[in-house]
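Peer 1: Coordinates in start_8.txt, compact mmCIF, N, CA, C and O atoms, are listed below.
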# COMPACT_ATOMS: atom_id res chain seq x y z
N MET D 1 42.50 173.00 74.37
CA MET D 1 41.77 172.72 75.58
C MET D 1 40.56 173.64 75.66
O MET D 1 40.67 174.83 75.48
N THR D 2 39.42 173.09 75.93
CA THR D 2 38.23 173.90 76.07
C THR D 2 38.04 174.24 77.55
O THR D 2 38.20 173.38 78.41
N LEU D 3 37.73 175.48 77.82
CA LEU D 3 37.49 175.90 79.19
C LEU D 3 36.05 175.61 79.56
O LEU D 3 35.15 175.79 78.76
N GLN D 4 35.86 175.16 80.77
CA GLN D 4 34.52 174.93 81.27
C GLN D 4 34.17 176.11 82.16
O GLN D 4 34.57 176.16 83.32
N LEU D 5 33.46 177.07 81.59
CA LEU D 5 33.16 178.31 82.30
C LEU D 5 31.93 178.17 83.18
O LEU D 5 30.97 177.47 82.84
N ARG D 6 31.98 178.88 84.28
CA ARG D 6 30.80 178.97 85.14
C ARG D 6 29.82 179.94 84.49
O ARG D 6 30.22 180.80 83.71
N PRO D 7 28.53 179.86 84.85
CA PRO D 7 27.55 180.74 84.22
C PRO D 7 27.88 182.23 84.35
O PRO D 7 27.73 182.98 83.39
N ILE D 8 28.36 182.66 85.52
CA ILE D 8 28.68 184.09 85.69
C ILE D 8 29.84 184.48 84.79
O ILE D 8 29.88 185.58 84.26
N GLU D 9 30.81 183.59 84.61
CA GLU D 9 31.94 183.88 83.74
C GLU D 9 31.49 184.02 82.29
O GLU D 9 31.92 184.94 81.59
N THR D 10 30.62 183.13 81.87
CA THR D 10 30.09 183.20 80.51
C THR D 10 29.37 184.51 80.29
O THR D 10 29.54 185.17 79.26
N ARG D 11 28.57 184.89 81.27
CA ARG D 11 27.79 186.13 81.17
C ARG D 11 28.67 187.36 81.11
O ARG D 11 28.47 188.25 80.28
N VAL D 12 29.66 187.40 81.99
CA VAL D 12 30.57 188.56 82.03
C VAL D 12 31.34 188.68 80.72
O VAL D 12 31.44 189.76 80.13
N LEU D 13 31.87 187.56 80.23
CA LEU D 13 32.63 187.60 78.98
C LEU D 13 31.74 188.00 77.80
O LEU D 13 32.17 188.74 76.92
N ALA D 14 30.50 187.51 77.79
CA ALA D 14 29.58 187.87 76.71
C ALA D 14 29.26 189.37 76.74
O ALA D 14 29.23 190.03 75.69
N MET D 15 29.03 189.90 77.92
CA MET D 15 28.71 191.33 78.03
C MET D 15 29.92 192.19 77.67
O MET D 15 29.77 193.23 77.04
N ARG D 16 31.11 191.73 78.03
CA ARG D 16 32.32 192.46 77.63
C ARG D 16 32.47 192.44 76.11
O ARG D 16 32.89 193.43 75.51
N GLN D 17 32.15 191.31 75.51
CA GLN D 17 32.25 191.21 74.05
C GLN D 17 31.25 192.13 73.36
O GLN D 17 31.49 192.61 72.26
N GLN D 18 30.13 192.41 74.02
CA GLN D 18 29.14 193.34 73.48
C GLN D 18 29.59 194.79 73.65
O GLN D 18 28.92 195.70 73.17
N GLY D 19 30.70 194.99 74.35
CA GLY D 19 31.24 196.34 74.49
C GLY D 19 30.82 197.06 75.76
O GLY D 19 31.06 198.26 75.88
N LEU D 20 30.18 196.36 76.70
CA LEU D 20 29.76 197.01 77.94
C LEU D 20 30.97 197.23 78.85
O LEU D 20 31.90 196.43 78.87
N SER D 21 30.92 198.31 79.61
CA SER D 21 32.00 198.60 80.56
C SER D 21 31.85 197.71 81.80
O SER D 21 30.77 197.16 82.07
N ASP D 22 32.93 197.60 82.56
CA ASP D 22 32.87 196.82 83.79
C ASP D 22 31.87 197.42 84.78
O ASP D 22 31.23 196.69 85.53
N GLU D 23 31.73 198.74 84.77
CA GLU D 23 30.76 199.39 85.65
C GLU D 23 29.33 198.98 85.29
O GLU D 23 28.53 198.67 86.17
N GLU D 24 29.02 198.97 83.99
CA GLU D 24 27.68 198.59 83.54
C GLU D 24 27.41 197.12 83.81
O GLU D 24 26.33 196.74 84.25
N ILE D 25 28.39 196.28 83.56
CA ILE D 25 28.24 194.84 83.83
C ILE D 25 28.01 194.63 85.32
O ILE D 25 27.12 193.87 85.73
N GLY D 26 28.82 195.32 86.14
CA GLY D 26 28.67 195.20 87.59
C GLY D 26 27.29 195.62 88.07
O GLY D 26 26.72 194.99 88.96
N ARG D 27 26.76 196.67 87.47
CA ARG D 27 25.41 197.12 87.85
C ARG D 27 24.39 196.05 87.51
O ARG D 27 23.48 195.78 88.29
N ARG D 28 24.54 195.41 86.35
CA ARG D 28 23.58 194.41 85.91
C ARG D 28 23.64 193.11 86.73
O ARG D 28 22.61 192.46 86.93
N ILE D 29 24.84 192.72 87.17
CA ILE D 29 24.95 191.46 87.91
C ILE D 29 25.20 191.68 89.40
O ILE D 29 25.47 190.73 90.14
N ARG D 30 25.10 192.95 89.84
CA ARG D 30 25.24 193.33 91.24
C ARG D 30 26.60 192.95 91.82
O ARG D 30 26.71 192.32 92.86
N LYS D 31 27.64 193.34 91.09
CA LYS D 31 29.02 193.15 91.53
C LYS D 31 29.76 194.46 91.33
O LYS D 31 29.37 195.29 90.51
N THR D 32 30.86 194.64 92.04
CA THR D 32 31.67 195.84 91.85
C THR D 32 32.44 195.72 90.53
O THR D 32 32.67 194.61 90.05
N PRO D 33 32.82 196.85 89.95
CA PRO D 33 33.62 196.80 88.72
C PRO D 33 34.92 196.01 88.90
O PRO D 33 35.37 195.30 88.00
N GLU D 34 35.51 196.09 90.10
CA GLU D 34 36.73 195.34 90.38
C GLU D 34 36.45 193.84 90.35
O GLU D 34 37.25 193.05 89.83
N MET D 35 35.30 193.44 90.90
CA MET D 35 34.94 192.02 90.90
C MET D 35 34.68 191.54 89.47
O MET D 35 35.05 190.42 89.11
N VAL D 36 34.05 192.37 88.66
CA VAL D 36 33.80 192.02 87.26
C VAL D 36 35.13 191.79 86.54
O VAL D 36 35.29 190.81 85.80
N ALA D 37 36.09 192.67 86.78
CA ALA D 37 37.41 192.51 86.17
C ALA D 37 38.07 191.22 86.63
O ALA D 37 38.69 190.50 85.83
N ASN D 38 37.94 190.91 87.92
CA ASN D 38 38.51 189.67 88.44
C ASN D 38 37.86 188.44 87.82
O ASN D 38 38.54 187.49 87.45
N ILE D 39 36.54 188.46 87.70
CA ILE D 39 35.82 187.33 87.11
C ILE D 39 36.28 187.11 85.68
O ILE D 39 36.54 185.98 85.26
N ALA D 40 36.38 188.18 84.92
CA ALA D 40 36.83 188.06 83.53
C ALA D 40 38.27 187.54 83.46
O ALA D 40 38.60 186.72 82.60
N ASP D 41 39.10 188.00 84.36
CA ASP D 41 40.49 187.53 84.40
C ASP D 41 40.56 186.06 84.76
O ASP D 41 41.27 185.28 84.13
N TRP D 42 39.80 185.65 85.78
CA TRP D 42 39.81 184.24 86.21
C TRP D 42 39.28 183.33 85.11
O TRP D 42 39.74 182.21 84.95
N ALA D 43 38.31 183.82 84.35
CA ALA D 43 37.70 183.00 83.30
C ALA D 43 38.70 182.66 82.20
O ALA D 43 38.59 181.63 81.55
N THR D 44 39.67 183.55 81.99
CA THR D 44 40.64 183.31 80.91
C THR D 44 41.99 182.85 81.45
O THR D 44 42.93 182.70 80.68
N HIS D 45 42.07 182.61 82.74
CA HIS D 45 43.33 182.18 83.35
C HIS D 45 43.65 180.75 82.92
O HIS D 45 42.77 179.90 82.90
N PRO D 46 44.91 180.46 82.58
CA PRO D 46 45.24 179.13 82.09
C PRO D 46 45.12 178.02 83.13
O PRO D 46 44.87 176.88 82.78
N GLY D 47 45.26 178.32 84.40
CA GLY D 47 45.19 177.27 85.42
C GLY D 47 43.81 177.12 86.00
O GLY D 47 43.57 177.44 87.15
N ARG D 48 42.86 176.64 85.23
CA ARG D 48 41.47 176.55 85.66
C ARG D 48 41.14 175.28 86.43
O ARG D 48 40.00 175.00 86.70
N GLY D 49 42.12 174.42 86.73
CA GLY D 49 41.83 173.24 87.52
C GLY D 49 41.43 172.03 86.69
O GLY D 49 40.85 171.11 87.21
N THR D 50 41.71 172.04 85.42
CA THR D 50 41.46 170.86 84.60
C THR D 50 42.70 170.59 83.77
O THR D 50 43.47 171.49 83.47
N THR D 51 42.88 169.34 83.44
CA THR D 51 44.01 168.97 82.60
C THR D 51 43.51 168.12 81.45
O THR D 51 42.54 167.39 81.58
N GLU D 52 44.19 168.23 80.33
CA GLU D 52 43.83 167.42 79.18
C GLU D 52 44.66 166.16 79.18
O GLU D 52 45.85 166.19 79.42
N THR D 53 44.01 165.04 78.90
CA THR D 53 44.73 163.79 78.75
C THR D 53 45.24 163.71 77.32
O THR D 53 44.93 164.54 76.49
N ARG D 54 46.01 162.68 77.03
CA ARG D 54 46.56 162.54 75.69
C ARG D 54 45.48 162.46 74.62
O ARG D 54 45.66 162.88 73.50
N ASP D 55 44.34 161.88 75.00
CA ASP D 55 43.27 161.75 74.01
C ASP D 55 42.38 162.98 73.94
O ASP D 55 41.41 163.01 73.20
N GLY D 56 42.69 164.03 74.72
CA GLY D 56 41.97 165.30 74.62
C GLY D 56 40.82 165.46 75.59
O GLY D 56 40.19 166.51 75.61
N SER D 57 40.51 164.46 76.43
CA SER D 57 39.43 164.62 77.39
C SER D 57 39.92 165.47 78.57
O SER D 57 41.10 165.57 78.84
N VAL D 58 39.02 166.07 79.26
CA VAL D 58 39.37 166.98 80.35
C VAL D 58 39.05 166.32 81.68
O VAL D 58 37.93 165.88 81.91
N LEU D 59 40.06 166.25 82.55
CA LEU D 59 39.90 165.65 83.87
C LEU D 59 40.28 166.66 84.94
O LEU D 59 41.14 167.52 84.72
N SER D 60 39.66 166.53 86.11
CA SER D 60 40.06 167.36 87.24
C SER D 60 41.39 166.84 87.78
O SER D 60 41.78 165.70 87.50
N PRO D 61 42.10 167.66 88.55
CA PRO D 61 43.37 167.19 89.11
C PRO D 61 43.20 165.93 89.97
O PRO D 61 44.03 165.03 89.92
N MET D 62 42.11 165.86 90.73
CA MET D 62 41.89 164.68 91.57
C MET D 62 41.67 163.44 90.69
O MET D 62 42.20 162.37 90.98
N GLN D 63 40.88 163.59 89.63
CA GLN D 63 40.63 162.45 88.75
C GLN D 63 41.93 161.98 88.11
O GLN D 63 42.19 160.77 88.05
N SER D 64 42.75 162.91 87.66
CA SER D 64 44.04 162.55 87.06
C SER D 64 44.92 161.81 88.06
O SER D 64 45.54 160.80 87.73
N ARG D 65 44.96 162.33 89.28
CA ARG D 65 45.80 161.71 90.31
C ARG D 65 45.29 160.33 90.70
O ARG D 65 46.08 159.40 90.88
N VAL D 66 43.98 160.18 90.85
CA VAL D 66 43.41 158.87 91.19
C VAL D 66 43.74 157.86 90.10
O VAL D 66 44.15 156.73 90.40
N LEU D 67 43.57 158.23 88.84
CA LEU D 67 43.90 157.31 87.76
C LEU D 67 45.37 156.93 87.77
O LEU D 67 45.74 155.77 87.55
N ALA D 68 46.24 157.91 88.04
CA ALA D 68 47.68 157.64 88.08
C ALA D 68 48.02 156.69 89.23
O ALA D 68 48.80 155.74 89.05
N LEU D 69 47.43 156.91 90.40
CA LEU D 69 47.70 156.05 91.54
C LEU D 69 47.15 154.65 91.33
O LEU D 69 47.78 153.65 91.72
N ARG D 70 45.99 154.55 90.71
CA ARG D 70 45.41 153.23 90.41
C ARG D 70 46.30 152.50 89.41
O ARG D 70 46.50 151.29 89.52
N ALA D 71 46.86 153.22 88.45
CA ALA D 71 47.75 152.60 87.46
C ALA D 71 49.04 152.10 88.13
O ALA D 71 49.65 151.15 87.66
N GLN D 72 49.43 152.73 89.24
CA GLN D 72 50.60 152.29 89.99
C GLN D 72 50.28 151.12 90.92
O GLN D 72 51.16 150.61 91.58
N GLY D 73 49.01 150.75 90.98
CA GLY D 73 48.62 149.58 91.76
C GLY D 73 48.08 149.85 93.15
O GLY D 73 47.85 148.92 93.92
N GLU D 74 47.85 151.12 93.49
CA GLU D 74 47.32 151.42 94.82
C GLU D 74 45.83 151.07 94.88
O GLU D 74 45.11 151.20 93.90
N SER D 75 45.40 150.63 96.05
CA SER D 75 43.99 150.27 96.23
C SER D 75 43.15 151.51 96.48
O SER D 75 43.67 152.59 96.78
N HIS D 76 41.84 151.32 96.39
CA HIS D 76 40.91 152.43 96.67
C HIS D 76 41.08 152.90 98.10
O HIS D 76 41.00 154.10 98.39
N ALA D 77 41.29 151.97 99.03
CA ALA D 77 41.46 152.32 100.45
C ALA D 77 42.73 153.14 100.67
O ALA D 77 42.71 154.13 101.41
N GLN D 78 43.83 152.76 100.03
CA GLN D 78 45.07 153.51 100.18
C GLN D 78 44.94 154.93 99.63
O GLN D 78 45.39 155.89 100.25
N ILE D 79 44.33 155.04 98.46
CA ILE D 79 44.13 156.37 97.87
C ILE D 79 43.18 157.19 98.73
O ILE D 79 43.38 158.39 98.94
N GLY D 80 42.14 156.54 99.25
CA GLY D 80 41.19 157.22 100.12
C GLY D 80 41.86 157.82 101.34
O GLY D 80 41.53 158.93 101.77
N GLN D 81 42.83 157.11 101.91
CA GLN D 81 43.56 157.64 103.06
C GLN D 81 44.37 158.88 102.67
O GLN D 81 44.43 159.85 103.42
N ARG D 82 44.96 158.87 101.49
CA ARG D 82 45.73 160.03 101.03
C ARG D 82 44.85 161.28 100.93
O ARG D 82 45.25 162.37 101.28
N PHE D 83 43.65 161.10 100.37
CA PHE D 83 42.74 162.22 100.13
C PHE D 83 41.76 162.45 101.27
O PHE D 83 40.90 163.32 101.18
N ARG D 84 41.88 161.62 102.31
CA ARG D 84 40.93 161.67 103.43
C ARG D 84 39.50 161.52 102.96
O ARG D 84 38.60 162.29 103.31
N ARG D 85 39.31 160.51 102.12
CA ARG D 85 38.00 160.17 101.57
C ARG D 85 37.78 158.68 101.72
O ARG D 85 38.73 157.91 101.91
N SER D 86 36.55 158.24 101.56
CA SER D 86 36.25 156.81 101.68
C SER D 86 36.66 156.08 100.39
O SER D 86 36.72 156.69 99.31
N PRO D 87 36.91 154.78 100.50
CA PRO D 87 37.21 154.00 99.29
C PRO D 87 36.08 154.08 98.26
O PRO D 87 36.32 154.11 97.06
N ARG D 88 34.83 154.15 98.76
CA ARG D 88 33.69 154.26 97.85
C ARG D 88 33.75 155.55 97.03
O ARG D 88 33.49 155.56 95.84
N PHE D 89 34.12 156.65 97.68
CA PHE D 89 34.24 157.93 96.99
C PHE D 89 35.32 157.86 95.92
O PHE D 89 35.14 158.34 94.80
N ILE D 90 36.45 157.23 96.25
CA ILE D 90 37.55 157.10 95.29
C ILE D 90 37.11 156.26 94.09
O ILE D 90 37.45 156.59 92.95
N ARG D 91 36.33 155.20 94.33
CA ARG D 91 35.79 154.40 93.21
C ARG D 91 34.90 155.26 92.31
O ARG D 91 34.94 155.13 91.09
N GLN D 92 34.10 156.13 92.91
CA GLN D 92 33.24 157.01 92.13
C GLN D 92 34.06 157.99 91.30
O GLN D 92 33.76 158.23 90.12
N VAL D 93 35.10 158.56 91.90
CA VAL D 93 35.97 159.50 91.18
C VAL D 93 36.64 158.78 90.01
O VAL D 93 36.69 159.29 88.89
N GLU D 94 37.12 157.57 90.26
CA GLU D 94 37.77 156.79 89.21
C GLU D 94 36.78 156.47 88.08
O GLU D 94 37.10 156.61 86.90
N GLY D 95 35.57 156.07 88.45
CA GLY D 95 34.56 155.76 87.44
C GLY D 95 34.22 156.97 86.58
O GLY D 95 34.11 156.86 85.35
N LEU D 96 34.05 158.13 87.21
CA LEU D 96 33.75 159.34 86.45
C LEU D 96 34.91 159.72 85.54
O LEU D 96 34.71 160.15 84.41
N ALA D 97 36.13 159.54 86.04
CA ALA D 97 37.31 159.85 85.22
C ALA D 97 37.35 158.97 83.98
O ALA D 97 37.61 159.46 82.87
N HIS D 98 37.08 157.68 84.16
CA HIS D 98 37.06 156.78 83.00
C HIS D 98 35.95 157.18 82.03
O HIS D 98 36.14 157.18 80.82
N PHE D 99 34.79 157.53 82.59
CA PHE D 99 33.66 157.95 81.75
C PHE D 99 34.05 159.17 80.92
O PHE D 99 33.83 159.22 79.71
N ARG D 100 34.64 160.18 81.58
CA ARG D 100 35.01 161.41 80.87
C ARG D 100 36.08 161.16 79.82
O ARG D 100 36.07 161.75 78.75
N LYS D 101 37.03 160.28 80.13
CA LYS D 101 38.10 159.96 79.18
C LYS D 101 37.54 159.30 77.92
O LYS D 101 37.88 159.69 76.81
N TYR D 102 36.66 158.35 78.11
CA TYR D 102 36.20 157.57 76.97
C TYR D 102 34.96 158.16 76.30
O TYR D 102 34.65 157.82 75.17
N ARG D 103 34.28 159.08 76.96
CA ARG D 103 33.15 159.77 76.35
C ARG D 103 33.61 160.54 75.12
O ARG D 103 32.95 160.55 74.08
N ASP D 104 34.77 161.17 75.25
CA ASP D 104 35.29 161.96 74.14
C ASP D 104 35.71 161.07 72.97
O ASP D 104 35.67 161.50 71.82
N LEU D 105 36.12 159.85 73.25
CA LEU D 105 36.50 158.94 72.18
C LEU D 105 35.29 158.49 71.37
O LEU D 105 35.38 158.30 70.17
N LEU D 106 34.15 158.35 72.05
CA LEU D 106 32.93 157.87 71.38
C LEU D 106 32.18 158.97 70.65
O LEU D 106 31.46 158.72 69.71
N GLY D 107 32.26 160.17 71.17
CA GLY D 107 31.42 161.19 70.58
C GLY D 107 32.14 162.39 70.21
O GLY D 107 31.93 163.28 69.58
In structure tokens, what does this structure look like?

Peer 2:
Amino acid sequence: MTLQLRPIETRVLAMRQQGLSDEEIGRRIRKTPEMVANIADWATHPGRGTTETRDGSVLSPMQSRVLALRAQGESHAQIGQRFRRSPRFIRQVEGLAHFRKYRDLLG
């Protein structure tokens, strides 16, 4: 599974790899050393909010759940009520999930 890091996480991990201390990194990005340590820890934490499908594509928990509910036959309106979102939003989430799933198959 590939992690999708935020820019600050990428920066902190790169600076740590260069051998900089948390104090020096914190000075450069205007964060406390404790915050730098937390950012680095969060960046490598296994529960980053994405899941891999069988084909290896990465989906958010909401995308995975919407696809599962649609496969069970629930309508966009029913799912929208569960998530307190509009049916249109659920259609967009479903479309993006399908795109992400099949993008990896093509490329």

Peer 1: Could you tell me which of D:Met35, D:Ala43, D:Ile79, D:Ile29 comes closest to Arg6 (chain D) if we count all atoms listed in the file?

Peer 2: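 Closest to Arg6 (chain D), using all atoms listed in the file: D:Ala43.
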
Peer 1: Tell me, in Å to one decimal, how far CA of Gln92 (chain D) is from CA of Gly80 (chain D).

Peer 2: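 Pair CA of Gln92 (chain D) / CA of Gly80 (chain D) returns 11.3 Å.
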
Peer 1: Just list as a ChimeraX atom specification whatever in chain D DSSP marks as alpha helix (DSSP H).

Peer 2: /D:7-17,22-29,33-43,61-71,76-83,87-106

Peer 1: If I take atom C of Gln72 (chain D) and CA of Glu94 (chain D), how far is one from the other in Å, to one decimal?

Peer 2: 13.8 Å

Peer 1: For the atom pair atom O of Glu9 (chain D) and atom N of Arg27 (chain D), what is the interatomic distance in Å to one decimal place?

Peer 2: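 Distance reported for this atom pair: 14.1 Å.
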
Peer 1: Mind checking which residues fall within 10 Å of region 98-100 of chain D, counting only C-alpha atoms, ignoring those fewer than 2 positions away in the same chain, and posting them as a PyMOL selection string?

Peer 2: chain D and resi 57-59+63-64+67+92-96+102-105

Peer 1: Just N, CA, C and O atoms for this one: save the residues we selected as an mmCIF file, keeping the file's coordinate frame.

Peer 2:
data_model
loop_
_atom_site.group_PDB
_atom_site.id
_atom_site.type_symbol
_atom_site.label_atom_id
_atom_site.label_comp_id
_atom_site.auth_asym_id
_atom_site.auth_seq_id
_atom_site.Cartn_x
_atom_site.Cartn_y
_atom_site.Cartn_z
ATOM 1 N N SER D 57 40.510 164.460 76.430
ATOM 2 C CA SER D 57 39.430 164.620 77.390
ATOM 3 C C SER D 57 39.920 165.470 78.570
ATOM 4 O O SER D 57 41.100 165.570 78.840
ATOM 5 N N VAL D 58 39.020 166.070 79.260
ATOM 6 C CA VAL D 58 39.370 166.980 80.350
ATOM 7 C C VAL D 58 39.050 166.320 81.680
ATOM 8 O O VAL D 58 37.930 165.880 81.910
ATOM 9 N N LEU D 59 40.060 166.250 82.550
ATOM 10 C CA LEU D 59 39.900 165.650 83.870
ATOM 11 C C LEU D 59 40.280 166.660 84.940
ATOM 12 O O LEU D 59 41.140 167.520 84.720
ATOM 13 N N GLN D 63 40.880 163.590 89.630
ATOM 14 C CA GLN D 63 40.630 162.450 88.750
ATOM 15 C C GLN D 63 41.930 161.980 88.110
ATOM 16 O O GLN D 63 42.190 160.770 88.050
ATOM 17 N N SER D 64 42.750 162.910 87.660
ATOM 18 C CA SER D 64 44.040 162.550 87.060
ATOM 19 C C SER D 64 44.920 161.810 88.060
ATOM 20 O O SER D 64 45.540 160.800 87.730
ATOM 21 N N LEU D 67 43.570 158.230 88.840
ATOM 22 C CA LEU D 67 43.900 157.310 87.760
ATOM 23 C C LEU D 67 45.370 156.930 87.770
ATOM 24 O O LEU D 67 45.740 155.770 87.550
ATOM 25 N N GLN D 92 34.100 156.130 92.910
ATOM 26 C CA GLN D 92 33.240 157.010 92.130
ATOM 27 C C GLN D 92 34.060 157.990 91.300
ATOM 28 O O GLN D 92 33.760 158.230 90.120
ATOM 29 N N VAL D 93 35.100 158.560 91.900
ATOM 30 C CA VAL D 93 35.970 159.500 91.180
ATOM 31 C C VAL D 93 36.640 158.780 90.010
ATOM 32 O O VAL D 93 36.690 159.290 88.890
ATOM 33 N N GLU D 94 37.120 157.570 90.260
ATOM 34 C CA GLU D 94 37.770 156.790 89.210
ATOM 35 C C GLU D 94 36.780 156.470 88.080
ATOM 36 O O GLU D 94 37.100 156.610 86.900
ATOM 37 N N GLY D 95 35.570 156.070 88.450
ATOM 38 C CA GLY D 95 34.560 155.760 87.440
ATOM 39 C C GLY D 95 34.220 156.970 86.580
ATOM 40 O O GLY D 95 34.110 156.860 85.350
ATOM 41 N N LEU D 96 34.050 158.130 87.210
ATOM 42 C CA LEU D 96 33.750 159.340 86.450
ATOM 43 C C LEU D 96 34.910 159.720 85.540
ATOM 44 O O LEU D 96 34.710 160.150 84.410
ATOM 45 N N TYR D 102 36.660 158.350 78.110
ATOM 46 C CA TYR D 102 36.200 157.570 76.970
ATOM 47 C C TYR D 102 34.960 158.160 76.300
ATOM 48 O O TYR D 102 34.650 157.820 75.170
ATOM 49 N N ARG D 103 34.280 159.080 76.960
ATOM 50 C CA ARG D 103 33.150 159.770 76.350
ATOM 51 C C ARG D 103 33.610 160.540 75.120
ATOM 52 O O ARG D 103 32.950 160.550 74.080
ATOM 53 N N ASP D 104 34.770 161.170 75.250
ATOM 54 C CA ASP D 104 35.290 161.960 74.140
ATOM 55 C C ASP D 104 35.710 161.070 72.970
ATOM 56 O O ASP D 104 35.670 161.500 71.820
ATOM 57 N N LEU D 105 36.120 159.850 73.250
ATOM 58 C CA LEU D 105 36.500 158.940 72.180
ATOM 59 C C LEU D 105 35.290 158.490 71.370
ATOM 60 O O LEU D 105 35.380 158.300 70.170
#

Peer 1: Among chain D, which ones does DSSP place in strand (DSSP E or B), written as a ChimeraX atom specification?

Peer 2: /D:51-52,58-59

Peer 1: Please determine, counting only N, CA, C and O atoms, which residue among D:Ala71, D:Ser60, D:His76, D:Thr10 has the shortest atom-to-atom distance to Ile39 (chain D).

Peer 2: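 That would be D:Thr10, the residue with the smallest distance to Ile39 (chain D).
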
Peer 1: Counting only C-alpha atoms, which of D:Leu5, D:Val66, D:Ala14, D:Leu20 gets nearest to Thr44 (chain D)?

Peer 2: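 Once distances to Thr44 (chain D) are computed over only C-alpha atoms, the minimum belongs to D:Leu5.
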
Peer 1: At most 8 Å from (39.3, 158.4, 102.3), file frame, all atoms listed in the file: which residues, as a count of residues only?

Peer 2: 15

Peer 1: D:Val12, D:Glu74, D:Arg91, D:Ala68: which is nearest Arg30 (chain D), counting only C-alpha atoms?

Peer 2: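 Nearest candidate to Arg30 (chain D) out of D:Val12, D:Glu74, D:Arg91, D:Ala68: D:Val12.
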